[in-house]
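Peer 1: Data: structure_29.cif, mmCIF, C-alpha atoms and all ligand atoms.
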```cif
data_input
#
loop_
_atom_site.label_atom_id
_atom_site.label_comp_id
_atom_site.auth_asym_id
_atom_site.auth_seq_id
_atom_site.Cartn_x
_atom_site.Cartn_y
_atom_site.Cartn_z
CA MET T 1 182.19 65.13 129.17
CA THR T 2 181.57 61.37 129.42
CA GLY T 3 182.38 59.39 132.54
CA THR T 4 181.40 56.27 134.49
CA GLU T 5 179.99 56.13 137.98
CA GLY T 6 179.40 52.79 139.68
CA GLY T 7 179.63 51.08 136.28
CA ARG T 8 176.87 53.32 134.88
CA ARG T 9 177.83 55.36 131.87
CA GLU T 10 176.76 59.00 132.22
CA ALA T 11 175.12 60.63 129.24
CA PRO T 12 177.47 63.06 127.48
CA ALA T 13 176.88 66.70 128.37
CA PRO T 14 174.78 68.38 125.70
CA PRO T 15 176.62 70.78 123.38
CA SER T 16 176.97 74.24 124.87
CA PHE T 17 175.45 77.41 123.41
CA HIS T 18 178.87 78.20 121.92
CA THR T 19 179.25 74.81 120.29
CA MET T 20 175.74 74.92 118.84
CA TRP T 21 176.30 78.46 117.59
CA ALA T 22 179.63 77.54 115.99
CA ASP T 23 178.04 74.47 114.33
CA LEU T 24 175.31 76.52 112.71
CA LEU T 25 177.45 79.49 111.74
CA PRO T 26 178.87 78.21 108.42
CA ILE T 27 175.56 76.85 107.09
CA GLY T 28 174.27 78.90 104.17
CA ARG T 29 176.76 81.71 104.71
CA HIS T 30 177.79 83.45 101.50
CA ALA T 31 181.57 83.62 101.12
CA ASP T 32 181.61 87.13 99.61
CA THR T 33 178.97 88.97 101.61
CA GLY T 34 179.18 87.06 104.90
CA GLY T 35 175.36 87.10 104.86
CA TYR T 36 173.06 84.09 105.15
CA ARG T 37 171.05 82.61 102.27
CA ARG T 38 169.06 79.96 104.05
CA TYR T 39 165.97 79.86 101.87
CA ALA T 40 163.10 77.45 102.30
CA TRP T 41 163.59 73.96 100.88
CA THR T 42 167.15 74.58 99.63
CA ALA T 43 170.30 72.66 100.56
CA ALA T 44 171.15 75.21 103.28
CA ASP T 45 167.68 74.81 104.74
CA ALA T 46 168.12 71.02 104.73
CA ASP T 47 171.42 71.40 106.59
CA CYS T 48 169.76 73.61 109.21
CA ARG T 49 166.98 71.05 109.59
CA ALA T 50 169.49 68.22 109.98
CA TRP T 51 171.21 70.28 112.66
CA PHE T 52 167.91 70.72 114.54
CA GLN T 53 167.08 67.03 114.38
CA ALA T 54 170.57 66.09 115.60
CA GLN T 55 170.25 68.50 118.55
CA ALA T 56 166.90 66.97 119.48
CA GLU T 57 168.14 63.41 119.21
CA SER T 58 171.44 64.01 121.03
CA ARG T 59 169.36 65.18 124.04
CA GLY T 60 166.97 62.23 123.91
CA LEU T 61 164.08 64.52 122.99
CA THR T 62 161.17 63.19 120.96
CA TYR T 63 161.62 64.52 117.43
CA GLU T 64 158.59 65.25 115.25
CA LEU T 65 158.21 66.69 111.79
CA ASP T 66 154.71 68.06 111.27
CA ARG T 67 152.63 68.05 108.09
CA ASN T 68 153.85 71.57 107.23
CA GLY T 69 157.56 70.87 107.62
CA ASN T 70 157.88 72.48 111.05
CA GLN T 71 160.24 70.58 113.36
CA TRP T 72 159.50 69.84 117.02
CA ALA T 73 161.64 68.46 119.86
CA TRP T 74 159.69 67.31 122.90
CA TYR T 75 160.80 66.98 126.52
CA GLY T 76 157.91 65.18 128.15
CA ASP T 77 154.84 63.63 126.61
CA PRO T 78 153.85 65.39 123.36
CA GLU T 79 150.28 64.17 123.78
CA ALA T 80 149.80 65.35 127.38
CA GLY T 81 148.62 68.83 126.41
CA ASP T 82 149.10 72.27 127.99
CA ALA T 83 152.72 72.24 126.76
CA VAL T 84 155.11 75.16 127.12
CA VAL T 85 156.72 75.64 123.70
CA THR T 86 159.63 77.82 122.70
CA GLY T 87 161.60 78.19 119.46
CA SER T 88 161.90 80.35 116.37
CA HIS T 89 163.15 79.80 112.80
CA LEU T 90 166.41 78.94 111.01
CA ASP T 91 165.76 80.35 107.53
CA SER T 92 166.99 83.80 106.50
CA VAL T 93 166.33 86.80 104.28
CA PRO T 94 168.79 87.31 101.38
CA ASP T 95 172.12 88.03 103.04
CA GLY T 96 170.57 88.02 106.48
CA GLY T 97 172.37 88.08 109.80
CA ALA T 98 173.29 85.16 112.01
CA PHE T 99 170.89 86.02 114.85
CA ASP T 100 167.44 86.58 113.35
CA GLY T 101 165.80 83.22 114.08
CA PRO T 102 168.79 81.04 115.03
CA LEU T 103 169.32 82.93 118.30
CA GLY T 104 165.85 81.80 119.39
CA VAL T 105 166.37 78.17 118.37
CA VAL T 106 169.87 77.80 119.84
CA SER T 107 168.78 79.61 123.03
CA SER T 108 165.82 77.23 123.32
CA PHE T 109 168.07 74.15 123.40
CA ALA T 110 170.47 75.91 125.79
CA ALA T 111 167.61 77.01 128.07
CA LEU T 112 166.26 73.47 128.21
CA ASP T 113 169.76 72.24 129.14
CA THR T 114 169.93 74.90 131.87
CA LEU T 115 166.58 73.78 133.22
CA ARG T 116 167.68 70.16 133.33
CA ALA T 117 171.01 71.08 134.94
CA ARG T 118 169.07 72.94 137.64
CA GLY T 119 167.21 69.71 138.35
CA ALA T 120 163.89 71.39 137.58
CA ALA T 121 160.97 68.97 137.30
CA PRO T 122 158.45 70.41 134.84
CA ASP T 123 154.90 69.22 135.29
CA ARG T 124 153.97 70.39 131.81
CA PRO T 125 155.61 69.06 128.63
CA LEU T 126 158.18 71.35 127.02
CA ALA T 127 158.91 71.58 123.32
CA ILE T 128 161.25 73.42 120.97
CA VAL T 129 160.06 74.28 117.48
CA ASN T 130 161.75 75.35 114.26
CA PHE T 131 159.09 76.94 112.06
CA GLY T 132 159.72 76.56 108.32
CA ASP T 133 159.99 79.46 105.87
CA GLU T 134 159.51 82.32 108.35
CA GLU T 135 161.09 85.00 106.19
CA GLY T 136 159.33 84.21 102.94
CA ALA T 137 162.53 85.08 101.09
CA ARG T 138 161.97 82.50 98.36
CA PHE T 139 158.19 82.38 97.83
CA GLY T 140 157.30 85.93 98.88
CA LEU T 141 155.04 85.11 101.82
CA ALA T 142 156.40 85.23 105.38
CA CYS T 143 155.63 82.66 108.12
CA VAL T 144 154.40 79.96 105.76
CA GLY T 145 154.96 77.10 108.25
CA SER T 146 153.10 78.76 111.12
CA ARG T 147 150.39 80.28 108.87
CA LEU T 148 149.60 76.83 107.44
CA ALA T 149 149.50 75.25 110.90
CA ALA T 150 147.25 78.00 112.25
CA GLY T 151 144.89 77.82 109.26
CA GLN T 152 145.81 81.35 108.13
CA LEU T 153 147.01 80.06 104.73
CA THR T 154 145.24 77.32 102.81
CA ALA T 155 147.02 74.45 101.10
CA GLU T 156 145.71 75.76 97.75
CA GLN T 157 147.15 79.23 98.38
CA ALA T 158 150.47 77.73 99.45
CA HIS T 159 150.62 75.42 96.42
CA ALA T 160 150.21 78.44 94.15
CA LEU T 161 153.28 80.27 95.54
CA ARG T 162 156.21 80.43 93.12
CA ASP T 163 159.84 81.45 93.49
CA ALA T 164 161.74 83.73 91.09
CA ASP T 165 162.51 80.75 88.81
CA GLY T 166 158.86 79.71 88.60
CA VAL T 167 159.32 76.72 90.93
CA THR T 168 156.16 76.22 92.98
CA LEU T 169 156.28 75.70 96.71
CA ALA T 170 154.83 72.23 96.14
CA GLN T 171 157.63 71.35 93.69
CA ALA T 172 160.28 72.71 96.04
CA MET T 173 158.92 70.69 98.96
CA GLU T 174 158.76 67.56 96.86
CA ARG T 175 162.34 68.01 95.64
CA ALA T 176 163.43 68.39 99.27
CA GLY T 177 161.73 65.08 100.12
CA TYR T 178 158.55 66.43 101.74
CA ASP T 179 154.95 65.69 100.82
CA PRO T 180 153.25 68.88 99.62
CA GLU T 181 149.87 67.15 99.61
CA ALA T 182 150.06 66.81 103.40
CA ILE T 183 150.19 70.53 104.17
CA GLY T 184 147.29 72.25 105.88
CA PRO T 185 145.82 73.32 109.20
CA ASP T 186 147.06 71.50 112.28
CA PRO T 187 144.58 72.37 115.05
CA GLU T 188 145.24 69.16 116.96
CA ARG T 189 148.94 70.02 117.30
CA LEU T 190 148.27 73.64 118.27
CA ALA T 191 145.71 72.44 120.83
CA ARG T 192 148.53 70.68 122.69
CA ILE T 193 150.22 74.05 123.34
CA GLY T 194 149.38 75.94 126.52
CA ALA T 195 151.88 78.76 125.92
CA PHE T 196 154.37 79.69 123.18
CA VAL T 197 157.36 81.94 123.96
CA GLU T 198 159.70 83.01 121.14
CA LEU T 199 163.08 84.53 121.98
CA HIS T 200 164.42 86.81 119.23
CA VAL T 201 167.22 89.30 118.74
CA GLU T 202 165.70 92.78 118.83
CA GLN T 203 165.59 94.34 115.37
CA GLY T 204 165.94 97.90 116.54
CA ARG T 205 167.59 99.84 119.36
CA ALA T 206 164.67 100.36 121.74
CA LEU T 207 166.00 97.84 124.26
CA ASP T 208 169.53 99.19 124.00
CA ARG T 209 168.23 102.61 125.01
CA THR T 210 166.74 101.14 128.22
CA GLY T 211 170.06 99.64 129.32
CA HIS T 212 168.50 96.16 129.64
CA ALA T 213 169.82 93.02 127.95
CA VAL T 214 166.41 91.34 127.77
CA GLY T 215 162.89 92.68 127.26
CA VAL T 216 159.38 91.41 126.60
CA ALA T 217 157.26 92.16 123.51
CA SER T 218 154.02 94.09 123.80
CA ALA T 219 152.82 94.14 120.20
CA ILE T 220 153.73 93.62 116.55
CA TRP T 221 152.83 96.39 114.13
CA PRO T 222 150.44 95.44 111.34
CA HIS T 223 152.36 94.94 108.11
CA GLY T 224 152.04 93.71 104.57
CA ARG T 225 153.59 93.32 101.13
CA TRP T 226 152.20 94.89 97.95
CA ARG T 227 153.47 94.20 94.42
CA PHE T 228 153.44 97.19 92.05
CA ASP T 229 153.61 96.32 88.34
CA PHE T 230 154.53 99.33 86.18
CA ARG T 231 154.06 98.56 82.47
CA GLY T 232 155.45 100.84 79.78
CA GLU T 233 157.00 100.33 76.36
CA ALA T 234 160.39 98.81 75.62
CA ASN T 235 162.39 100.93 73.21
CA HIS T 236 165.89 101.96 72.21
CA ALA T 237 167.78 104.04 74.81
CA GLY T 238 169.75 105.86 72.12
CA THR T 239 167.06 106.70 69.58
CA THR T 240 163.76 107.20 71.42
CA ARG T 241 163.02 110.87 71.94
CA ILE T 242 162.26 111.84 75.55
CA GLU T 243 158.73 112.94 74.65
CA ASP T 244 158.00 109.61 72.92
CA ARG T 245 158.96 107.43 75.86
CA ARG T 246 156.65 105.42 78.10
CA ASP T 247 159.26 104.61 80.71
CA PRO T 248 158.00 102.67 83.78
CA MET T 249 161.29 103.26 85.58
CA LEU T 250 160.31 106.90 86.03
CA THR T 251 156.97 105.96 87.54
CA TYR T 252 158.64 103.45 89.82
CA ALA T 253 161.24 106.00 90.96
CA ALA T 254 158.57 108.60 91.72
CA THR T 255 156.58 105.99 93.65
CA VAL T 256 159.61 105.10 95.79
CA LEU T 257 160.02 108.78 96.71
CA ALA T 258 156.30 109.13 97.40
CA ALA T 259 156.37 106.06 99.66
CA ARG T 260 159.13 107.56 101.72
CA GLU T 261 157.35 110.90 102.03
CA LYS T 262 153.88 109.49 102.87
CA ALA T 263 155.27 107.08 105.45
CA ALA T 264 157.47 109.67 107.12
CA ARG T 265 154.53 112.08 107.40
CA ALA T 266 152.37 109.40 109.09
CA GLY T 267 155.05 108.01 111.41
CA ALA T 268 154.86 104.75 109.47
CA LEU T 269 157.37 102.76 107.41
CA ALA T 270 157.40 102.04 103.67
CA THR T 271 160.19 100.26 101.83
CA PHE T 272 160.77 99.17 98.27
CA GLY T 273 163.58 96.64 98.87
CA LYS T 274 163.04 94.30 95.94
CA VAL T 275 162.69 95.17 92.28
CA GLY T 276 162.55 93.30 88.99
CA VAL T 277 163.07 94.89 85.59
CA GLU T 278 162.27 93.57 82.10
CA PRO T 279 164.06 93.24 79.79
CA ASN T 280 166.79 94.56 82.12
CA GLY T 281 169.11 95.84 79.43
CA VAL T 282 171.47 98.79 79.84
CA ASN T 283 170.55 100.28 76.47
CA ALA T 284 166.81 99.59 76.53
CA ILE T 285 163.91 101.47 78.11
CA ALA T 286 162.23 98.97 80.41
CA SER T 287 158.89 97.44 79.45
CA LEU T 288 158.08 96.39 83.01
CA VAL T 289 159.29 97.41 86.44
CA ARG T 290 157.96 95.33 89.30
CA GLY T 291 158.59 96.67 92.79
CA TRP T 292 157.56 95.18 96.10
CA LEU T 293 156.40 97.54 98.84
CA ASP T 294 156.75 96.47 102.47
CA SER T 295 154.78 98.83 104.68
CA ARG T 296 154.15 98.85 108.44
CA ALA T 297 152.54 101.18 110.98
CA ALA T 298 151.52 101.20 114.61
CA ASP T 299 147.85 100.70 113.73
CA GLU T 300 145.88 99.32 110.80
CA HIS T 301 144.13 102.59 109.95
CA THR T 302 147.44 104.42 109.50
CA LEU T 303 148.84 101.55 107.45
CA ALA T 304 145.80 101.51 105.13
CA THR T 305 145.97 105.29 104.74
CA VAL T 306 149.68 105.29 103.87
CA VAL T 307 149.39 102.44 101.37
CA GLY T 308 146.34 104.11 99.80
CA GLU T 309 148.29 107.35 99.40
CA ILE T 310 151.22 105.52 97.80
CA GLU T 311 148.87 103.77 95.38
CA ARG T 312 147.27 107.10 94.42
CA ALA T 313 150.70 108.71 93.94
CA ALA T 314 151.71 105.79 91.68
CA ALA T 315 148.50 106.06 89.64
CA GLY T 316 148.90 109.84 89.22
CA GLN T 317 152.49 109.53 88.09
CA ALA T 318 151.65 106.60 85.80
CA ALA T 319 149.07 108.73 83.98
CA ARG T 320 151.68 111.46 83.43
CA ASP T 321 154.26 108.92 82.17
CA GLY T 322 151.91 106.98 79.85
CA VAL T 323 152.46 103.91 82.00
CA GLU T 324 149.97 101.40 83.44
CA VAL T 325 150.20 100.46 87.07
CA SER T 326 148.49 97.62 88.92
CA VAL T 327 148.84 96.81 92.62
CA THR T 328 148.43 93.36 94.18
CA ARG T 329 148.40 92.83 97.94
CA GLU T 330 150.51 89.70 98.41
CA SER T 331 150.20 89.43 102.20
CA PHE T 332 148.81 91.22 105.21
CA THR T 333 149.34 90.56 108.90
CA PRO T 334 147.03 92.39 111.28
CA VAL T 335 148.24 94.07 114.45
CA VAL T 336 149.23 91.61 117.20
CA GLU T 337 148.73 92.54 120.82
CA PHE T 338 150.39 89.85 122.91
CA GLU T 339 148.25 88.42 125.70
CA HIS T 340 148.59 90.83 128.61
CA GLY T 341 148.50 88.19 131.36
CA LEU T 342 151.42 86.20 129.95
CA ARG T 343 153.33 89.34 128.90
CA ASP T 344 153.08 90.89 132.39
CA LYS T 345 153.93 87.60 134.07
CA LEU T 346 157.15 87.29 132.06
CA ALA T 347 158.11 90.95 132.55
CA ALA T 348 157.70 90.57 136.31
CA LEU T 349 159.43 87.17 136.42
CA LEU T 350 162.50 88.58 134.67
CA GLY T 351 162.57 91.86 136.58
CA THR T 352 164.67 92.65 139.61
CA ASP T 353 163.62 94.20 142.93
CA GLY T 354 160.00 94.37 141.82
CA ALA T 355 160.86 96.37 138.67
CA PRO T 356 159.76 94.51 135.51
CA VAL T 357 161.98 94.36 132.43
CA PRO T 358 161.05 96.69 129.53
CA VAL T 359 157.96 95.83 127.49
CA LEU T 360 158.33 96.96 123.85
CA PRO T 361 156.49 96.83 120.53
CA THR T 362 158.22 95.81 117.31
CA GLY T 363 157.77 96.44 113.62
CA ALA T 364 159.15 93.01 112.71
CA GLY T 365 156.93 90.03 111.94
CA HIS T 366 157.30 86.71 113.76
CA ASP T 367 155.78 83.23 113.94
CA ALA T 368 154.76 84.21 117.48
CA GLY T 369 152.47 86.82 115.93
CA ILE T 370 150.81 84.19 113.75
CA LEU T 371 150.42 81.74 116.63
CA SER T 372 148.99 84.40 118.94
CA ALA T 373 145.60 84.04 117.23
CA SER T 374 145.42 80.39 118.40
CA VAL T 375 147.62 80.11 121.49
CA PRO T 376 148.66 82.32 124.47
CA THR T 377 151.91 83.73 123.12
CA ALA T 378 154.76 85.96 124.29
CA MET T 379 158.17 87.06 123.04
CA LEU T 380 161.50 87.88 124.66
CA PHE T 381 163.91 90.26 122.95
CA VAL T 382 167.68 90.22 123.34
CA ARG T 383 169.49 93.55 123.03
CA ASN T 384 170.89 94.46 119.62
CA PRO T 385 173.52 97.17 120.17
CA THR T 386 173.33 98.62 116.66
CA GLY T 387 169.72 97.77 115.92
CA VAL T 388 170.84 96.47 112.50
CA SER T 389 168.98 93.41 111.26
CA HIS T 390 168.26 91.67 107.93
CA SER T 391 171.92 92.39 107.19
CA PRO T 392 175.20 90.54 107.73
CA ALA T 393 176.07 93.30 110.25
CA GLU T 394 173.35 92.15 112.67
CA SER T 395 174.87 91.49 116.10
CA ALA T 396 174.33 90.79 119.77
CA ALA T 397 176.93 90.65 122.55
CA GLU T 398 177.85 87.23 123.88
CA ASP T 399 176.92 88.23 127.44
CA ASP T 400 173.51 89.35 126.25
CA CYS T 401 172.94 86.04 124.46
CA VAL T 402 173.82 84.23 127.67
CA ALA T 403 171.45 86.54 129.59
CA GLY T 404 168.78 85.62 127.03
CA VAL T 405 169.32 81.90 127.66
CA THR T 406 169.04 82.40 131.43
CA ALA T 407 165.90 84.51 130.99
CA LEU T 408 164.33 81.89 128.74
CA ALA T 409 165.22 79.13 131.22
CA ASP T 410 163.61 81.20 134.00
CA VAL T 411 160.50 81.68 131.90
CA LEU T 412 160.24 77.98 131.01
CA GLU T 413 160.73 77.05 134.65
CA GLY T 414 158.23 79.68 135.81
CA LEU T 415 155.60 78.42 133.38
CA ALA T 416 156.23 74.68 133.43
CA CYS T 417 157.12 74.03 137.06
CA ARG T 418 154.09 75.03 139.10
C1 LIG R 501 160.45 89.33 109.22
O1 LIG R 501 161.52 89.38 109.79
C2 LIG R 501 159.78 90.55 108.85
O2 LIG R 501 159.50 91.36 109.74
O3 LIG R 501 159.60 90.78 107.64
MN MN R 502 163.61 88.43 109.88
MN MN R 503 163.01 86.32 112.75
#
```
Could you rewrite the structure in this file as structure tokens?
Peer 2:
Amino acid sequence: MTGTEGGRREAPAPPSFHTMWADLLPIGRHADTGGYRRYAWTAADADCRAWFQAQAESRGLTYELDRNGNQWAWYGDPEAGDAVVTGSHLDSVPDGGAFDGPLGVVSSFAALDTLRARGAAPDRPLAIVNFGDEEGARFGLACVGSRLAAGQLTAEQAHALRDADGVTLAQAMERAGYDPEAIGPDPERLARIGAFVELHVEQGRALDRTGHAVGVASAIWPHGRWRFDFRGEANHAGTTRIEDRRDPMLTYAATVLAAREKAARAGALATFGKVGVEPNGVNAIASLVRGWLDSRAADEHTLATVVGEIERAAAGQAARDGVEVSVTRESFTPVVEFEHGLRDKLAALLGTDGAPVPVLPTGAGHDAGILSASVPTAMLFVRNPTGVSHSPAESAAEDDCVAGVTALADVLEGLACR
């Protein structure tokens, strides 16, 4: 609402959580599936970025774009140091849900508005960040923006990433109007941050089972991506005798089943969710099947054991099928144990009657996990009633989203107003 008081024009009220949410909702949403396809450096990504910049500017925040394409909105002096930063990401997996990432970014703006409406006077700068390419849906590597900033991915490695059409990350950035030669570690920017807190929709039902709307993260399981290339011999589906075939699809199928069995036995997770087939003809035996394994476990030893077992199962089956298999580790993120001091402080701050809110681990990767190697970092989770994520069916109740905003505002106030 805009009004005048004593001849002075009041600043318009910032857009509410609902308005921001409704603004973002159509961007990159696929008409048939209802899922989001907000991939790095595409038109949908550009629209999300324009939205972020407009939110920053409409609030009079200092907007910055860093050398790696991450966006920042500052309340207070960006150079002062010891800043309290919150935020998440706006990109998505293929046909992702509306909440994974955007809930954290929208809640960050809403929490800052809440803080200002309370008349809180932070004595540390606050900032909101949108990290680029968190999901790695296009170039295969997750958390590219934060990994580059934290020095966990070199510019050379990033330049070599390619999408399914052979477009390099550098070409995609250039086409989107960004300078790929500028990318690289950003220690000076990270040194300004005293604490980073990422709010995220929970991607499981652990919080739902506790009856709480908001929880705090304890740890992120170690996880990685491995590419399995199964090479056989292309041949005619109607004329090649069974005993003459070298069919990599069989080896791939057996490896998928082995992955499930090995992971289940170890209490770990193993998923082949992406596959490419050449030549991909109905009436031809494939020459190549390329499958990507995503595997996660509570500890690194278990993860290494499970992946090793899957590799051995693939090799054994390949020998029986007359197929060659090679395995390439495309990414690995070690276990993250969030800083106990900050974690416990937030759990206590958000608790009631001396009882802290739940503290939970997650199997999902986050920019907060990458940053935790450089900066004191914590995460808040908002209840997900079905636990479904990386799917258009992902959801969170409106009341829980509002509770998340209040919790984040409390956390920002608790950290920034001493
Ligand atoms: C990101 O959401 C991941 O866990 O892969
Ligand atoms: Mn995700
Ligand atoms: Mn996410």
Peer 1: Considering only C-alpha atoms and all ligand atoms, can you say which of T:Asp229, T:Glu394, T:Glu309, T:Asp208 comes closest to ligand MN 503 (chain R)?
Peer 2: T:Glu394
Peer 1: Skip Arg312 (chain T) itself and residues of its chain fewer than 5 positions away, then list as a list of chain:residue names all residues within 12 Å of it, counting all atoms listed in the file.
Peer 2: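 Skipping anything fewer than 5 positions along the chain leaves T:Phe228, T:Thr251, T:Ala254, T:Thr255, T:Ala258, T:Ala259, T:Lys262, T:Thr305, T:Val306, T:Val307, T:Gln317, T:Ala318, T:Ala319, T:Val325, T:Ser326, T:Val327.
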Peer 1: For Val256 (chain T), find every residue with an atom within 10 Å (counting all atoms listed in the file), except residues of its own chain fewer than 6 positions away, and show them as a ChimeraX atom specification.
Peer 2: /T:250,270-273,291,293,310,313-314
Peer 1: Next, write the just-selected residues to a file, as a PDB file, in the coordinates of the input, keeping C-alpha atoms as the atom set.
Peer 2:
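To be explicit, this is the file written out as result01.pdb:
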```
ATOM      1  CA  LEU T 250     160.310 106.900  86.030  1.00  0.00           C
ATOM      2  CA  ALA T 270     157.400 102.040 103.670  1.00  0.00           C
ATOM      3  CA  THR T 271     160.190 100.260 101.830  1.00  0.00           C
ATOM      4  CA  PHE T 272     160.770  99.170  98.270  1.00  0.00           C
ATOM      5  CA  GLY T 273     163.580  96.640  98.870  1.00  0.00           C
ATOM      6  CA  GLY T 291     158.590  96.670  92.790  1.00  0.00           C
ATOM      7  CA  LEU T 293     156.400  97.540  98.840  1.00  0.00           C
ATOM      8  CA  ILE T 310     151.220 105.520  97.800  1.00  0.00           C
ATOM      9  CA  ALA T 313     150.700 108.710  93.940  1.00  0.00           C
ATOM     10  CA  ALA T 314     151.710 105.790  91.680  1.00  0.00           C
TER      11      ALA T 314
END
```
Peer 1: So which residues are near ligand MN 503 (chain R), meaning at most 9 Å away with all atoms listed in the file counted, given back as a ChimeraX atom specification?
Peer 2: /T:88-92,99-102,104,134-135,200-201,203,364-367,390
Peer 1: Do a neighbour search on Arg67 (chain T) at 9 Å with all atoms listed in the file, toss out local chain neighbours closer than 5 positions, and write the hits as a PDB file with C-alpha atoms, in the frame of the given file.
Peer 2:
```pdb
ATOM      1  CA  ALA T 149     149.500  75.250 110.900  1.00  0.00           C
ATOM      2  CA  TYR T 178     158.550  66.430 101.740  1.00  0.00           C
ATOM      3  CA  ASP T 179     154.950  65.690 100.820  1.00  0.00           C
ATOM      4  CA  PRO T 180     153.250  68.880  99.620  1.00  0.00           C
ATOM      5  CA  GLU T 181     149.870  67.150  99.610  1.00  0.00           C
ATOM      6  CA  ALA T 182     150.060  66.810 103.400  1.00  0.00           C
ATOM      7  CA  ILE T 183     150.190  70.530 104.170  1.00  0.00           C
ATOM      8  CA  GLY T 184     147.290  72.250 105.880  1.00  0.00           C
ATOM      9  CA  PRO T 185     145.820  73.320 109.200  1.00  0.00           C
ATOM     10  CA  ASP T 186     147.060  71.500 112.280  1.00  0.00           C
TER      11      ASP T 186
END
```
Peer 1: Excluding same-chain residues fewer than 6 positions from region 154-171 of chain T, what lies within 12 Å of it counting all atoms listed in the file, as a VMD selection string?
Peer 2: chain T and resid 39 to 42 67 to 69 133 136 to 148 177 to 186 274 to 276 330 to 331
Peer 1: If you measure from CA of Ala217 (chain T) to CA of Thr377 (chain T), what distance in Å do you get, rounded to one decimal?
Peer 2: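 One can read the CA of Ala217 (chain T) to CA of Thr377 (chain T) distance as 10.0 Å.
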Peer 1: Residues at most 9 Å from Arg245 (chain T), counting all atoms listed in the file, excluding those fewer than 4 positions away in the same chain, as a list in words?
Peer 2: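 Close residues of Arg245 (chain T): Gly232, Glu233, Ala234, Asn235, Thr240, Arg241, Ile285, Asp321 and Gly322 of chain T.
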Peer 1: N, CA, C and O atoms are what I want for region 128-139 of chain T; can you complete it accordingly and write them as a PDB file, in the frame of the given file?
Peer 2:
```pdb
ATOM      1  N   ILE T 128     160.513  72.418 121.754  1.00  0.00           N
ATOM      2  CA  ILE T 128     161.250  73.420 120.970  1.00  0.00           C
ATOM      3  C   ILE T 128     160.805  73.244 119.520  1.00  0.00           C
ATOM      4  O   ILE T 128     160.691  72.118 119.032  1.00  0.00           O
ATOM      5  N   VAL T 129     160.543  74.366 118.864  1.00  0.00           N
ATOM      6  CA  VAL T 129     160.060  74.280 117.480  1.00  0.00           C
ATOM      7  C   VAL T 129     160.945  75.107 116.549  1.00  0.00           C
ATOM      8  O   VAL T 129     161.452  76.161 116.936  1.00  0.00           O
ATOM      9  N   ASN T 130     161.137  74.593 115.352  1.00  0.00           N
ATOM     10  CA  ASN T 130     161.750  75.350 114.260  1.00  0.00           C
ATOM     11  C   ASN T 130     160.682  75.507 113.182  1.00  0.00           C
ATOM     12  O   ASN T 130     160.354  74.547 112.487  1.00  0.00           O
ATOM     13  N   PHE T 131     160.112  76.712 113.071  1.00  0.00           N
ATOM     14  CA  PHE T 131     159.090  76.940 112.060  1.00  0.00           C
ATOM     15  C   PHE T 131     159.739  77.130 110.692  1.00  0.00           C
ATOM     16  O   PHE T 131     160.726  77.863 110.556  1.00  0.00           O
ATOM     17  N   GLY T 132     159.170  76.483 109.679  1.00  0.00           N
ATOM     18  CA  GLY T 132     159.720  76.560 108.320  1.00  0.00           C
ATOM     19  C   GLY T 132     159.340  77.867 107.633  1.00  0.00           C
ATOM     20  O   GLY T 132     158.263  78.418 107.868  1.00  0.00           O
ATOM     21  N   ASP T 133     160.232  78.343 106.786  1.00  0.00           N
ATOM     22  CA  ASP T 133     159.990  79.460 105.870  1.00  0.00           C
ATOM     23  C   ASP T 133     159.363  80.670 106.568  1.00  0.00           C
ATOM     24  O   ASP T 133     158.322  81.174 106.162  1.00  0.00           O
ATOM     25  N   GLU T 134     160.026  81.155 107.614  1.00  0.00           N
ATOM     26  CA  GLU T 134     159.510  82.320 108.350  1.00  0.00           C
ATOM     27  C   GLU T 134     159.666  83.600 107.539  1.00  0.00           C
ATOM     28  O   GLU T 134     158.801  84.475 107.545  1.00  0.00           O
ATOM     29  N   GLU T 135     160.795  83.725 106.842  1.00  0.00           N
ATOM     30  CA  GLU T 135     161.090  85.000 106.190  1.00  0.00           C
ATOM     31  C   GLU T 135     160.369  85.180 104.855  1.00  0.00           C
ATOM     32  O   GLU T 135     160.222  86.297 104.383  1.00  0.00           O
ATOM     33  N   GLY T 136     159.987  84.083 104.244  1.00  0.00           N
ATOM     34  CA  GLY T 136     159.330  84.210 102.940  1.00  0.00           C
ATOM     35  C   GLY T 136     160.251  84.726 101.861  1.00  0.00           C
ATOM     36  O   GLY T 136     159.800  85.309 100.878  1.00  0.00           O
ATOM     37  N   ALA T 137     161.557  84.513 102.032  1.00  0.00           N
ATOM     38  CA  ALA T 137     162.530  85.080 101.090  1.00  0.00           C
ATOM     39  C   ALA T 137     162.394  84.455  99.705  1.00  0.00           C
ATOM     40  O   ALA T 137     162.623  85.114  98.696  1.00  0.00           O
ATOM     41  N   ARG T 138     162.003  83.182  99.664  1.00  0.00           N
ATOM     42  CA  ARG T 138     161.970  82.500  98.360  1.00  0.00           C
ATOM     43  C   ARG T 138     160.601  82.612  97.681  1.00  0.00           C
ATOM     44  O   ARG T 138     160.530  82.850  96.488  1.00  0.00           O
ATOM     45  N   PHE T 139     159.530  82.438  98.440  1.00  0.00           N
ATOM     46  CA  PHE T 139     158.190  82.380  97.830  1.00  0.00           C
ATOM     47  C   PHE T 139     157.356  83.632  98.099  1.00  0.00           C
ATOM     48  O   PHE T 139     156.195  83.701  97.721  1.00  0.00           O
TER      49      PHE T 139
END
```
